[in-house]
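S.K.: Below: one structure in structure tokens.
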Amino acid sequence: MEVKDNKYDLNNKIKCRDKLYNLKYPLVMGVLNMTPDSFYEESRNTHFQDAIAQVHNMVREAVDIIDIGGVSTRPNAALLSSEEEIHRVLPVILEIRKLYPDILLSIDTFRTDVARAAVEAGVDIVNDVYAGRYDGKMFDLIAELDVPYILMHSRGDASDMQKKTVYHDVVMEVCKELSEQLEKLRSMGVKDVIIDPGFGFAKNVEQNYALFEGIRYLEVLECPILVGISRKSMIYKLLNISPKEALNGTTVLNTIGMLNHASIIRVHDVKEAVEVKKILNALRNNN
């Protein structure tokens, strides 16, 4: 399969709040977990003031997007009610929007009521790890709200996704399954879709690396691509370390991802990702 750079560049834009963002140069998305049980312990926030302090720090480090999540989607994570999810994220969204009116915000949710409440509170992007499979009304909501949508590949849910790792060709099957959902969105008039291959979701370590190596094949979907591998098991299991020790491996893969046209890098560690972005942008500007 041939991948053409010029065709990809033409489709590497998203519109947020009537402003067009050119993703020729990648954006750094910082993770803000309003959860007590996310897989990376250092990223957990259960107190409002701690979350806002983290936001201040990410802004100082030049984050482009803040991705706010109220429920963990790690394997075997507990599933809380949508009311509790809204209770966790809404006060933080409102405060961030008041403090930083121009920063891009994303809501990491798979429920339409949470997504609607977040967008009404000022969120710009909906990030759905289940690609509309959990809540059958999600695509209708995205079409109604006219906001960018992150379409992530996964199979099953938090309780059983690691039992659904059978692939003949992980790159081609991920591409096919994403394209089917993307076609539904396009038929509903949704224009701004970002593709996330879903590293770690219904994929084992070997499959994650095969997918990462073939990530540019996803460019045939003609959408910006998000890479989210920060401190995940594909790094710490391979290196026999803990998530806390996985920053170096994360930075290596983020660098490779940016070199392979990733438009958004989702990270726990903003400073290091921004440094990679600045170095690669300097290299590109000299070519």
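Chain lettering (A, B, ...) mirrors the order of the structure tokens, residue numbering begins at 1 for each chain separately, and ligand numbering begins at 1 in order of display.
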When you look at Val170 in chain A with a cut-off of 10 Å (counting only C-alpha atoms), what residues show up, excluding the ones that are within fewer than 6 positions of it in the same chain? I need them as a list of chain:residue names.

M.R.: A:Lys176, A:Lys203, A:Glu206, A:Gln207, A:Asn208, A:Tyr209, A:Ala210, A:Leu211, A:Gly214

S.K.: Could those selected residues go to a file with C-alpha atoms, as a CSV table (one decimal), in the first residue's frame?

M.R.:
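Produced file again_0.csv, reproduced below:
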chain,number,residue,atom,x,y,z
A,176,LYS,CA,-10.8,-2.1,8.4
A,203,LYS,CA,-3.9,-6.0,21.7
A,206,GLU,CA,3.6,-8.0,20.0
A,207,GLN,CA,0.5,-6.8,18.3
A,208,ASN,CA,1.0,-3.3,19.7
A,209,TYR,CA,4.5,-3.1,18.1
A,210,ALA,CA,3.3,-4.5,14.8
A,211,LEU,CA,0.6,-1.9,14.7
A,214,GLY,CA,2.6,0.0,10.4

S.K.: Quick one: DSSP strand (DSSP E) residues in range 33-252 of chain A, as an MDAnalysis selection string?

M.R.: chainID A and resid 33 65:69 104:108 125:128 149:152 193:196 226:227

S.K.: Extract, using only C-alpha atoms, all DNA, RNA and protein residues at most 12 Å from Asn57 in chain A, discarding same-chain residues fewer than 3 positions from it, and format them as JSON, numbers by chain.

M.R.: {"A": [30, 31, 32, 50, 51, 52, 53, 54, 60, 61, 62, 63, 66, 268, 269, 270, 271]}

S.K.: Hey, what's within 9 Å of Leu280 in chain A if we count only C-alpha atoms and toss same-chain stuff fewer than 6 positions away? As number ranges by chain, please?

M.R.: A: 25, 255, 258-259

S.K.: Write to file, as a PDB file, in the first residue's frame, the residues of the selection just made, with C-alpha atoms.

M.R.:
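Saved to selection.pdb:
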ATOM      1  CA  TYR A  25       3.150  19.987  13.210  1.00  0.00           C
ATOM      2  CA  THR A 255       9.574  10.472  18.735  1.00  0.00           C
ATOM      3  CA  MET A 258       5.913  12.076  15.335  1.00  0.00           C
ATOM      4  CA  LEU A 259       8.390  11.076  12.638  1.00  0.00           C
TER       5      LEU A 259
END

S.K.: Kindly indicate which residue among A:Val129, A:Ile103, A:Val114, A:Ala282 lies nearest to Arg88 in chain A, using only C-alpha atoms for the distances.

M.R.: A:Val114

S.K.: Which is closer to Thr250 in chain A than all the others in A:Asp102, A:Glu219, A:Asp108, A:Glu272, using only C-alpha atoms?

M.R.: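 Going through A:Asp102, A:Glu219, A:Asp108, A:Glu272 one by one, the smallest distance to Thr250 in chain A is for A:Glu272.
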
S.K.: Could you please determine the separation between CA of Asp192 in chain A and CA of Ile265 in chain A in Å, to one decimal place?

M.R.: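 These atoms are spaced 17.2 Å apart.
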
S.K.: What lies within 7 Å of range 234-240 of chain A using only C-alpha atoms, ignoring chain neighbours under 6 positions off, as a ChimeraX atom specification?

M.R.: /A:200,205,208,246,249

S.K.: Please dump the current selection as a CSV table (one decimal), in the first residue's frame; keep C-alpha atoms.

M.R.:
chain,number,residue,atom,x,y,z
A,200,GLY,CA,-3.1,-1.5,24.6
A,205,VAL,CA,2.6,-6.5,23.3
A,208,ASN,CA,1.0,-3.3,19.7
A,246,ALA,CA,8.6,4.0,31.5
A,249,GLY,CA,10.6,4.2,26.5

S.K.: Which residues come within 6 Å of range 138-151 of chain A, counting only C-alpha atoms, excluding same-chain residues fewer than 6 positions away, as number ranges by chain?

M.R.: A: 112, 125-127, 131-132, 190, 192-196

S.K.: Find the spatial neighbours of Arg155 in chain A, counting only C-alpha atoms, within a cut-off of 10 Å - ignore same-chain residues fewer than 3 positions away - and output them as a count of residues only.

M.R.: 18

S.K.: Closest to Tyr217 in chain A among A:Lys98, A:Arg186, A:His261, A:Lys232, using only C-alpha atoms?

M.R.: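 When distances to Tyr217 in chain A are compared using only C-alpha atoms, the smallest one comes from A:His261.
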
S.K.: Which one of A:Cys175, A:Lys184, A:Val119, A:Asn204 sits closest to Leu221 in chain A if you count only C-alpha atoms?

M.R.: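 Closest to Leu221 in chain A of all the choices is A:Cys175.
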
S.K.: So that I can check the secondary structure, give me every residue of range 53-133 of chain A assigned helix (DSSP H, G or I) by backbone DSSP, as JSON, numbers by chain.

M.R.: {"A": [53, 54, 55, 56, 57, 58, 59, 60, 82, 83, 84, 85, 86, 87, 88, 89, 90, 91, 92, 93, 94, 95, 96, 97, 98, 99, 112, 113, 114, 115, 116, 117, 118, 119, 120]}
